[in-house]
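The structure appears below as structure tokens.
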Amino acid sequence: MDYRYYCMILRMNIDCNGCYQRIRRALLQIRELESHMIDKKQGRVVVCGAFSPQDVAIKIRKRTNRRVEILDVREAAPPGQDGGPGGPMP
């Protein structure tokens, strides 16, 4: 299936280092994701890649057994396209 490139911001409950590691392992196992960032203080997870946002949120929910709330989904340019590091498409 041909997916668009998205950057998605999720809200998750990250209480401790064990929760952080569980979320990190789950993100590393999802092949569609090209990059991720976990913000422990604000309880936010940012993922980027060519995927279906709902499918990825469901996969993260199943693998971590934690509630996942999608805060924002933006279509972005894949990294390296047009000589830039990636960003919102015009």
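Chain labels run A, B, ... following the order of the structure tokens; each chain numbers its residues from 1, and ligands are numbered from 1 in the order shown.
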Which residues of stretch 50-73 of chain A sit at most 10 Å from stretch 3-15 of chain A, using only C-alpha atoms? Give each one's shortest atom pair and distance in Å (one decimal place), in chain and ascending residue order, as JSON lines.
```
{"residue": "A:Ala50", "atom": "CA", "partner": "A:Tyr5", "partner_atom": "CA", "distance": 4.1}
{"residue": "A:Phe51", "atom": "CA", "partner": "A:Tyr3", "partner_atom": "CA", "distance": 5.2}
{"residue": "A:Ser52", "atom": "CA", "partner": "A:Tyr3", "partner_atom": "CA", "distance": 6.5}
{"residue": "A:Pro53", "atom": "CA", "partner": "A:Met8", "partner_atom": "CA", "distance": 7.2}
{"residue": "A:Val56", "atom": "CA", "partner": "A:Met8", "partner_atom": "CA", "distance": 9.6}
{"residue": "A:Ala57", "atom": "CA", "partner": "A:Leu10", "partner_atom": "CA", "distance": 8.1}
{"residue": "A:Arg61", "atom": "CA", "partner": "A:Met12", "partner_atom": "CA", "distance": 9.5}
{"residue": "A:Arg66", "atom": "CA", "partner": "A:Met12", "partner_atom": "CA", "distance": 7.2}
{"residue": "A:Arg67", "atom": "CA", "partner": "A:Met12", "partner_atom": "CA", "distance": 6.3}
{"residue": "A:Val68", "atom": "CA", "partner": "A:Met12", "partner_atom": "CA", "distance": 5.3}
{"residue": "A:Glu69", "atom": "CA", "partner": "A:Arg11", "partner_atom": "CA", "distance": 5.0}
{"residue": "A:Ile70", "atom": "CA", "partner": "A:Leu10", "partner_atom": "CA", "distance": 4.6}
{"residue": "A:Leu71", "atom": "CA", "partner": "A:Leu10", "partner_atom": "CA", "distance": 5.4}
{"residue": "A:Asp72", "atom": "CA", "partner": "A:Ile9", "partner_atom": "CA", "distance": 5.1}
{"residue": "A:Val73", "atom": "CA", "partner": "A:Met8", "partner_atom": "CA", "distance": 4.4}
```
For the residues in that selection, give me N, CA and C atoms as an mmCIF file, in the first residue's frame.
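Contents of the output file result16.cif:
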```cif
data_model
loop_
_atom_site.group_PDB
_atom_site.id
_atom_site.type_symbol
_atom_site.label_atom_id
_atom_site.label_comp_id
_atom_site.auth_asym_id
_atom_site.auth_seq_id
_atom_site.Cartn_x
_atom_site.Cartn_y
_atom_site.Cartn_z
ATOM 1 N N ALA A 50 6.107 7.128 6.556
ATOM 2 C CA ALA A 50 5.050 6.884 5.574
ATOM 3 C C ALA A 50 4.124 5.815 6.160
ATOM 4 N N PHE A 51 2.984 6.244 6.692
ATOM 5 C CA PHE A 51 2.085 5.322 7.387
ATOM 6 C C PHE A 51 0.665 5.856 7.390
ATOM 7 N N SER A 52 -0.244 5.025 7.848
ATOM 8 C CA SER A 52 -1.616 5.440 8.115
ATOM 9 C C SER A 52 -1.680 5.816 9.601
ATOM 10 N N PRO A 53 -2.021 7.062 9.938
ATOM 11 C CA PRO A 53 -1.984 7.493 11.345
ATOM 12 C C PRO A 53 -2.799 6.610 12.301
ATOM 13 N N VAL A 56 -1.013 3.195 12.952
ATOM 14 C CA VAL A 56 0.152 3.303 13.830
ATOM 15 C C VAL A 56 -0.283 3.531 15.279
ATOM 16 N N ALA A 57 -1.290 4.371 15.493
ATOM 17 C CA ALA A 57 -1.784 4.603 16.855
ATOM 18 C C ALA A 57 -2.309 3.304 17.469
ATOM 19 N N ARG A 61 -0.791 1.326 20.715
ATOM 20 C CA ARG A 61 -1.692 1.009 21.825
ATOM 21 C C ARG A 61 -1.615 -0.475 22.193
ATOM 22 N N ARG A 66 -1.071 0.906 26.625
ATOM 23 C CA ARG A 66 -1.284 2.237 27.186
ATOM 24 C C ARG A 66 -2.252 3.011 26.303
ATOM 25 N N ARG A 67 -2.957 3.950 26.914
ATOM 26 C CA ARG A 67 -3.883 4.807 26.181
ATOM 27 C C ARG A 67 -3.096 5.741 25.276
ATOM 28 N N VAL A 68 -3.532 5.879 24.021
ATOM 29 C CA VAL A 68 -2.874 6.732 23.039
ATOM 30 C C VAL A 68 -3.890 7.737 22.523
ATOM 31 N N GLU A 69 -3.548 9.023 22.596
ATOM 32 C CA GLU A 69 -4.431 10.066 22.092
ATOM 33 C C GLU A 69 -3.700 10.817 20.981
ATOM 34 N N ILE A 70 -4.302 10.872 19.789
ATOM 35 C CA ILE A 70 -3.705 11.599 18.671
ATOM 36 C C ILE A 70 -4.021 13.083 18.853
ATOM 37 N N LEU A 71 -2.971 13.899 18.984
ATOM 38 C CA LEU A 71 -3.151 15.337 19.160
ATOM 39 C C LEU A 71 -3.107 16.076 17.832
ATOM 40 N N ASP A 72 -2.194 15.671 16.945
ATOM 41 C CA ASP A 72 -2.029 16.382 15.685
ATOM 42 C C ASP A 72 -1.429 15.450 14.643
ATOM 43 N N VAL A 73 -1.912 15.571 13.409
ATOM 44 C CA VAL A 73 -1.358 14.825 12.285
ATOM 45 C C VAL A 73 -1.112 15.822 11.164
#
```
Q: From a DSSP calculation on the backbone, collect every residue of stretch 13-89 of chain A in alpha helix (DSSP H) and output the set as a PyMOL selection string.
A: chain A and resi 17-29+53-64
Store the residues picked out above in a file with N, CA, C and O atoms, as a CSV table (one decimal), in the first residue's frame.
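Resulting contents of out_12.csv:
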```
chain,number,residue,atom,x,y,z
A,17,ASN,N,10.7,5.3,33.9
A,17,ASN,CA,11.7,4.8,32.9
A,17,ASN,C,11.2,3.5,32.3
A,17,ASN,O,11.5,3.3,31.1
A,18,GLY,N,10.6,2.7,33.0
A,18,GLY,CA,10.0,1.4,32.4
A,18,GLY,C,9.0,1.7,31.3
A,18,GLY,O,9.0,1.1,30.3
A,19,CYS,N,8.1,2.7,31.6
A,19,CYS,CA,7.1,3.1,30.6
A,19,CYS,C,7.8,3.6,29.4
A,19,CYS,O,7.4,3.3,28.2
A,20,TYR,N,8.8,4.5,29.6
A,20,TYR,CA,9.6,5.1,28.5
A,20,TYR,C,10.2,4.0,27.6
A,20,TYR,O,10.1,4.0,26.4
A,21,GLN,N,10.8,3.0,28.3
A,21,GLN,CA,11.5,1.9,27.5
A,21,GLN,C,10.5,1.1,26.8
A,21,GLN,O,10.8,0.6,25.6
A,22,ARG,N,9.3,0.8,27.3
A,22,ARG,CA,8.3,0.0,26.7
A,22,ARG,C,7.8,0.7,25.4
A,22,ARG,O,7.7,0.1,24.3
A,23,ILE,N,7.6,2.0,25.5
A,23,ILE,CA,7.2,2.8,24.4
A,23,ILE,C,8.3,2.9,23.3
A,23,ILE,O,8.0,2.7,22.1
A,24,ARG,N,9.5,3.1,23.7
A,24,ARG,CA,10.6,3.1,22.8
A,24,ARG,C,10.8,1.8,22.0
A,24,ARG,O,11.0,1.8,20.8
A,25,ARG,N,10.7,0.7,22.7
A,25,ARG,CA,10.8,-0.6,22.1
A,25,ARG,C,9.7,-0.8,21.1
A,25,ARG,O,9.9,-1.3,20.0
A,26,ALA,N,8.5,-0.4,21.4
A,26,ALA,CA,7.3,-0.6,20.5
A,26,ALA,C,7.5,0.3,19.3
A,26,ALA,O,7.3,-0.2,18.1
A,27,LEU,N,8.0,1.5,19.4
A,27,LEU,CA,8.3,2.4,18.3
A,27,LEU,C,9.4,1.8,17.4
A,27,LEU,O,9.3,1.9,16.1
A,28,LEU,N,10.4,1.3,17.9
A,28,LEU,CA,11.5,0.7,17.1
A,28,LEU,C,11.1,-0.5,16.3
A,28,LEU,O,11.7,-0.8,15.3
A,29,GLN,N,10.0,-1.2,16.8
A,29,GLN,CA,9.5,-2.4,16.1
A,29,GLN,C,8.6,-2.1,14.9
A,29,GLN,O,8.4,-2.9,14.1
A,53,PRO,N,-2.0,7.1,9.9
A,53,PRO,CA,-2.0,7.5,11.3
A,53,PRO,C,-2.8,6.6,12.3
A,53,PRO,O,-2.3,6.3,13.4
A,54,GLN,N,-4.0,6.2,11.9
A,54,GLN,CA,-4.8,5.4,12.8
A,54,GLN,C,-4.2,4.0,13.0
A,54,GLN,O,-4.2,3.5,14.1
A,55,ASP,N,-3.6,3.4,12.0
A,55,ASP,CA,-3.0,2.1,12.1
A,55,ASP,C,-1.8,2.2,13.1
A,55,ASP,O,-1.7,1.3,13.9
A,56,VAL,N,-1.0,3.2,13.0
A,56,VAL,CA,0.2,3.3,13.8
A,56,VAL,C,-0.3,3.5,15.3
A,56,VAL,O,0.3,2.9,16.2
A,57,ALA,N,-1.3,4.4,15.5
A,57,ALA,CA,-1.8,4.6,16.9
A,57,ALA,C,-2.3,3.3,17.5
A,57,ALA,O,-2.1,3.0,18.6
A,58,ILE,N,-3.0,2.5,16.7
A,58,ILE,CA,-3.5,1.2,17.2
A,58,ILE,C,-2.4,0.3,17.5
A,58,ILE,O,-2.4,-0.4,18.5
A,59,LYS,N,-1.4,0.2,16.6
A,59,LYS,CA,-0.2,-0.7,16.9
A,59,LYS,C,0.5,-0.3,18.2
A,59,LYS,O,0.9,-1.1,19.0
A,60,ILE,N,0.7,1.0,18.4
A,60,ILE,CA,1.4,1.5,19.6
A,60,ILE,C,0.5,1.2,20.8
A,60,ILE,O,1.0,0.7,21.8
A,61,ARG,N,-0.8,1.3,20.7
A,61,ARG,CA,-1.7,1.0,21.8
A,61,ARG,C,-1.6,-0.5,22.2
A,61,ARG,O,-1.5,-0.8,23.4
A,62,LYS,N,-1.6,-1.3,21.2
A,62,LYS,CA,-1.6,-2.8,21.4
A,62,LYS,C,-0.2,-3.2,22.0
A,62,LYS,O,-0.2,-4.1,22.9
A,63,ARG,N,0.8,-2.7,21.5
A,63,ARG,CA,2.2,-3.1,22.0
A,63,ARG,C,2.6,-2.6,23.3
A,63,ARG,O,3.4,-3.2,24.0
A,64,THR,N,2.0,-1.4,23.7
A,64,THR,CA,2.4,-0.8,25.0
A,64,THR,C,1.4,-1.0,26.1
A,64,THR,O,1.6,-0.8,27.2
```
Q.
Measuring between only C-alpha atoms, which one of A:Ala77, A:Ser35, A:Cys16, A:Asn65 shows the shortest distance to A:Val47?
A. A:Ser35
